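K.L.:
Dropping the structure in here first, questions after.
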4 protein chains.
Amino acid sequence: MRTPEDYLNGLNDGRNVFYKGKRINNIVEHDALKVPALHAAHLYELKLADPTFRYSDPELGEISGFFRVPTDSETLWYRSRIIQESTRSGGGVFNIIQAIGSDAIFALLLIGRELLTEGKEEFLKRVKKYRDEVATKDLALAVAQTDVKGDRSKRPHEQSDPDLYVRVVGESSDGIVVRGAKAHTTQAAVADEIIFIPSRAMSEQDADYSIAFAVPANSNGLKMIVRPIMEIEGLPSKDDAPNASRHVELETLTILDDVFVPWERVFLYRDHREAGALANLFALYHRFTALSYRTAMADMYIGLSKLAARYNGVEDAPHVRDDIVDIVMYREVMYMAARTAAVDCVKVGDMAIPNPIYTNVGKLYSNSHFHDVVRDLIDVAGGSCPPCQVLWISRTQRLGAT
Amino acid sequence: MRTPEDYLNGLNDGRNVFYKGKRINNIVEHDALKVPALHAAHLYELKLADPTFRYSDPELGEISGFFRVPTDSETLWYRSRIIQESTRSGGGVFNIIQAIGSDAIFALLLIGRELLTEGKEEFLKRVKKYRDEVATKDLALAVAQTDVKGDRSKRPHEQSDPDLYVRVVGESSDGIVVRGAKAHTTQAAVADEIIFIPSRAMSEQDADYSIAFAVPANSNGLKMIVRPIMEIEGLPSKDDAPNASRHVELETLTILDDVFVPWERVFLYRDHREAGALANLFALYHRFTALSYRTAMADMYIGLSKLAARYNGVEDAPHVRDDIVDIVMYREVMYMAARTAAVDCVKVGDMAIPNPIYTNVGKLYSNSHFHDVVRDLIDVAGGSCPPCQVLWISRTQRLGAT
Amino acid sequence: MRTPEDYLNGLNDGRNVFYKGKRINNIVEHDALKVPALHAAHLYELKLADPTFRYSDPELGEISGFFRVPTDSETLWYRSRIIQESTRSGGGVFNIIQAIGSDAIFALLLIGRELLTEGKEEFLKRVKKYRDEVATKDLALAVAQTDVKGDRSKRPHEQSDPDLYVRVVGESSDGIVVRGAKAHTTQAAVADEIIFIPSRAMSEQDADYSIAFAVPANSNGLKMIVRPIMEIEGLPSKDDAPNASRHVELETLTILDDVFVPWERVFLYRDHREAGALANLFALYHRFTALSYRTAMADMYIGLSKLAARYNGVEDAPHVRDDIVDIVMYREVMYMAARTAAVDCVKVGDMAIPNPIYTNVGKLYSNSHFHDVVRDLIDVAGGSCPPCQVLWISRTQRLGAT
Amino acid sequence: MRTPEDYLNGLNDGRNVFYKGKRINNIVEHDALKVPALHAAHLYELKLADPTFRYSDPELGEISGFFRVPTDSETLWYRSRIIQESTRSGGGVFNIIQAIGSDAIFALLLIGRELLTEGKEEFLKRVKKYRDEVATKDLALAVAQTDVKGDRSKRPHEQSDPDLYVRVVGESSDGIVVRGAKAHTTQAAVADEIIFIPSRAMSEQDADYSIAFAVPANSNGLKMIVRPIMEIEGLPSKDDAPNASRHVELETLTILDDVFVPWERVFLYRDHREAGALANLFALYHRFTALSYRTAMADMYIGLSKLAARYNGVEDAPHVRDDIVDIVMYREVMYMAARTAAVDCVKVGDMAIPNPIYTNVGKLYSNSHFHDVVRDLIDVAGGSCPPCQVLWISRTQRLGAT
């Protein structure tokens, strides 16, 4: 299997990455950018060290557990568990590098299956082949979904600027040419491949925007502007925040400046009816993923709050216990939602989809209660909690994308 | 009256300031530290430009409105209004540099008055003289209250390390020698003087810790370690966050390494009975101050959320309107609490105290609802809101101190 | 001044009151219905006993303080205080019988003033004369506002049944004939007069519905169906709930079966532009009234919770103290909103309007936090709290109307 | 199997039931008390009509599904499903009559098993025999747990009145004599048997209070005072509230005036170490039961709110949709907690215990969010919602007991 070193070496491939106004030659040698790269590399370490993260595929042999296609409650729960475990191992910071890509691939497989029933056979074949390829090569993947959008009350084709949503601008016998930009693409600059999918339902006039495809991160015309990583930049030194400064993910504005995509990497093409379904299915799988990593992230919050309480000598103060119970509630609702979504999964053919009700109930709970968890942490820790601030920031960035 | 330049020049006085591990010679010439200094200087600009910020004291002549001692509902409300106005003028960032010092002086005047009834006449005289001096010289003041504490379930004299709370370690005919450290002292490194007061109620055995006094910021043995200012360090450039990077306050760990204090600057001395009352009275005045600046801070949040909604084309979305109403609620509860605390003030002699019930109700509402406001802002702005992050951080730091 | 006996005797006037399917001849002799009548009579007792409730009108002589027209912050706050005091005297149950009628009269005076500027002089004259009459006769008043509505997504004239909103169906030189029904009219069956006002903004086609007027409670064609009073019916005996079974208000479905109204009692006539303004102004005055009585109602909740905590021996339990603090918060936010609405009142000519922002902020807080207060009470009292249930019910009924 | 008629006829057995101050001869002939009896009888109807509610016990033959001892995730979930189904069939009102008794029996089986390891063999034998008897006879059971308590800060033996907790006052070779009273015993007056268990952990000095036993409802010395059933008394007629007035449960103050209990019905005897464990285990099983019936109860709330929204023509109003989503959240968290508690159950020997974490997380969510559901219902329905009030009341009563 691929080693962490293989993965890190592969990032020096001429990709166009910008940080604080400058093009970065080799991100693995950059003080700030190497940190998210090392975080991603940690997943490859885990896989080598622990067989739990590996799966013996009957056709492909031993692959990463993240690329195992869920077929029932058991395999969905297996997926949840490896997401939880890798998050715990990363100090509570999610490791997205194979989880989000597989979320997108599962959604694309289902859409491909749907297109099959409409007589469009090529799409499912392409997605399956792509899945086999990334699984075999053990690739690192990012998913770019959130268009820059402009006026949110208008559809893509109604925007004053036609490039506010990613679209096709050219077509030939070899493939297509795509243009536009996606915001908040997590770990794009340290991925091997980037999968692009629509961010919303589309109308017939939005056909040009109803596309999905994948490209290598060093494609011609692909530019990635990395948002300043406050977790690293704003802190004095690694000594002060060893965990926060080691496990961090970056985020990019991902620009497609007329990038060519060969047909075999085109997974949805000018099909407005399936665009919304694809966006939703991906969101569903990815929310299931989020429930899983938040369970583990919250484990760290529980530990952090108990540790802070002990340091401050306030472990037995009733309001502190209330705060900690509140964090435990958050953790366990995340867990219950993931568990029930797996147990009561929906079967489509030979695939399993996390139950949409429980997945979304968990997501809604997270959205409305996460800020209470932050308040609890600050309450318990008192004024001096830089870790809280860092957690907060990393979370804020992520809230936008999920 | 003192000009911004006078104030800024006064900071180059040999004070011991450390930032990111290095001693800073002249903070006004330091890239990061000059920003909080310029923020404080903005208060001097306001005073020169707008007569609202000036008060004609019958004895002292024209002084800063912040040093006007509140005597009734009207003068308390005047104080609230200038705090609101200066906060608005600072882009929603509170300008603490004369507000917190006067909060402490008002509390000390009341304690001095109390000590008078116990036959200890010198303390009230000293506080009055000190107030006249800082008002006449128009000084910038910080207040150091939060001891570093250690085990919070134990009293100061019970701690394993006797220096976890600030205490007196020597006494002579000239004055006293003090030792210890205070955490989270806002703007201490850019103040002329620092006032030290107890952070809690004391028992008889805590007599050494039951002290209050003031020292110049460049006193021998006084060391200030400035916390990394993430708002400045973590952001790419002033172009990206012009407001956030211009109006920022710093915070120090303020160390008293056997500092000498002459008797005329000692305002409470080994009097455990008044220590808790002083801590509470200061907190009361300062919470009234906080209600006032949060009213103005929330004005900015309202504007920010409406602007973000307009940019995103979601002004009429019901959930966005709900979010904005929620922020408006926060703003108006802060205002109502300040207003009622002033209208229903408590009179003690010729001084007026903000009504403790409404001051504390406002404080409690702020503590339990502020995180909802942050959630609302993120909700409205979507994923891309660095300003929110910055607001958040500046706020987080402040939550510890108030 | 009118005595409680005068008032009670006046109720035996042939009015059409129905309860549990039967017409009630004299409500003062009915086991259940006499209770709300005695509750209203309590206001006349208070007035005789305590000069605070009386006002020396320069023109009319000594009248009820409820009919004093607010002209500034002071008189608005006087109004709030007598509403608070009468509520406290009624065991925490609001005494609506002159408060709501005066709320409506103040709103009608402002609309009359507005109509004056449009050249319609008669309306202001009629309202003034009506106000003088009810003040001089010291009458008990109900206000019927909430139409039965039907489909809430449609305007009055769009409803399939034209009688779902109260409307004019006939007009002569003597007056008009009105038809329709109003829901949830508090204390209508024990009032001398009932004032009818619109419940919403109207369009030009809703002219027939854009009317306001007053009629005696024993008018021909006026029928009042009293909702079963669970507080009385559902409880075993007065011994078990002495307070709840003594201070109760009733609620009617108030039917206008072609009732004649002389012109001098018509205060708005087919004027759709002013209908919404009138509905809003009344709501504003009445919400100010509600903030005032809820302040006093919450006083009882605080006392109830402290008493229950003492009985249960849990006064010092932290979660019980949290519950009580929560109720205190509710009380004080109600108070602060009323206080600030009075202090920052809006002047229109010689009248004062409660500040709309603080009035509505208080209302919104009440709506979103009242159920927390109920939960707190149950939490503190444990399982055996019939008083809570009764409070709850009386409140539930009222929530619909305000 | 036992028919509804068998059950109802059995209630005319001379039991001592008091209602509104009078002894009731045959409760099935009493206007108010027959309603809860008919509600309980409904469970016997269901069992006859639907095989889901029956279980073929290998030893006892066909018994009620409620008496099936859970042995794994599957059988726990079966139990949850029949509780849900019977609640739905009862218009959203839980049918406690065999559910709570079996909860107690399961807890007693586990305690019996524990005592076995201490060499006390008789208790497990007695419980097993009792379980076989009630299952074979298909009995209706109540569980009396909540002592009347007095000062909650004191232990049973510390109370000024020794009878504030149920205790043993006599012992002979035939059995024991018990004295005291239990509050809030749901459906006791319509049960065949009543099981008594401790309500808290006990100390060594509380040995007399550390007992568990069962007695027939018509035992000498057993008196049951039924709380006034407001749902029936306070409503005008069955026409107005057909569901609420048909499916109602009663609650008693259950007095043991020196009641004799033969040894074979004594399940815990003067064993303070197991008293708290028994109280907790029963609570755990009963909270799992509560999660199950609240899932079904909330189904009715969802339907009720959607129906009310449709009647009012406000189905598409965003705030109404938010209210309904909030109720859906409540329902699904109840479901997820029950589901996860079953899936992740704890095995003890051949029995399965619902996972304590998820059971209690669900309980805590219910306690803190139920009042929001009530507010949502009122919000959607507007002012005219007597059903809400009734739901509220029935719920309030139950909140005390669970």
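FYI, nothing fancy with the structure tokens labels: chains A, B, ... in order, residues from 1 per chain, ligands from 1 as they appear.
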Would you kindly report the residues of chain C within 10 Å of chain A, using only C-alpha atoms, as a PyMOL selection string?

P.N.:
chain C and resi 317-319+322

K.L.:
Name the residues in contact with Ile357 (chain B) at a cut-off of 12 Å, using only C-alpha atoms, excluding same-chain residues fewer than 6 positions from it; report them as an MDAnalysis selection string.

P.N.:
(chainID B and resid 284 287:288 337:338 340:342 344:346 363:364) or (chainID C and resid 325 328:329 331:333 335:336)

K.L.:
Using DSSP on the backbone coordinates, identify the residues of region 188-332 of chain B assigned to alpha helix (DSSP H); present them as JSON, numbers by chain.

P.N.:
{"B": [230, 231, 232, 233, 272, 273, 274, 275, 276, 277, 278, 279, 280, 281, 282, 283, 284, 285, 286, 287, 288, 289, 290, 291, 292, 293, 294, 295, 296, 297, 298, 299, 300, 301, 302, 303, 304, 305, 306, 307, 308, 309, 310, 311, 312, 318, 319, 320, 321, 322, 323, 324, 325, 326, 327, 328, 329, 330, 331, 332]}

K.L.:
If we count only C-alpha atoms and set the cut-off at 12 Å, which residues sit around Arg54 (chain D), ignoring sequence neighbours fewer than 5 positions away in its own chain? Please answer as a count of residues only.

P.N.:
22

K.L.:
Using only C-alpha atoms, can you tell me which of C:Asp57, C:Glu274, C:Asp299, C:Glu114 comes closest to Ser203 (chain C)?

P.N.:
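Selected residue with least distance to Ser203 (chain C): C:Glu274.
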
K.L.:
So what do you get for CA of Lys347 (chain A) versus CA of Pro70 (chain A), distance-wise?

P.N.:
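That distance, rounded to one decimal, is 9.8 Å.
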
K.L.:
Could you work out how far CA of Arg339 (chain D) lies from CA of Ala140 (chain D), giving the answer in Å with one decimal?

P.N.:
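Result for CA of Ala140 (chain D) versus CA of Arg339 (chain D): 26.7 Å, one decimal.
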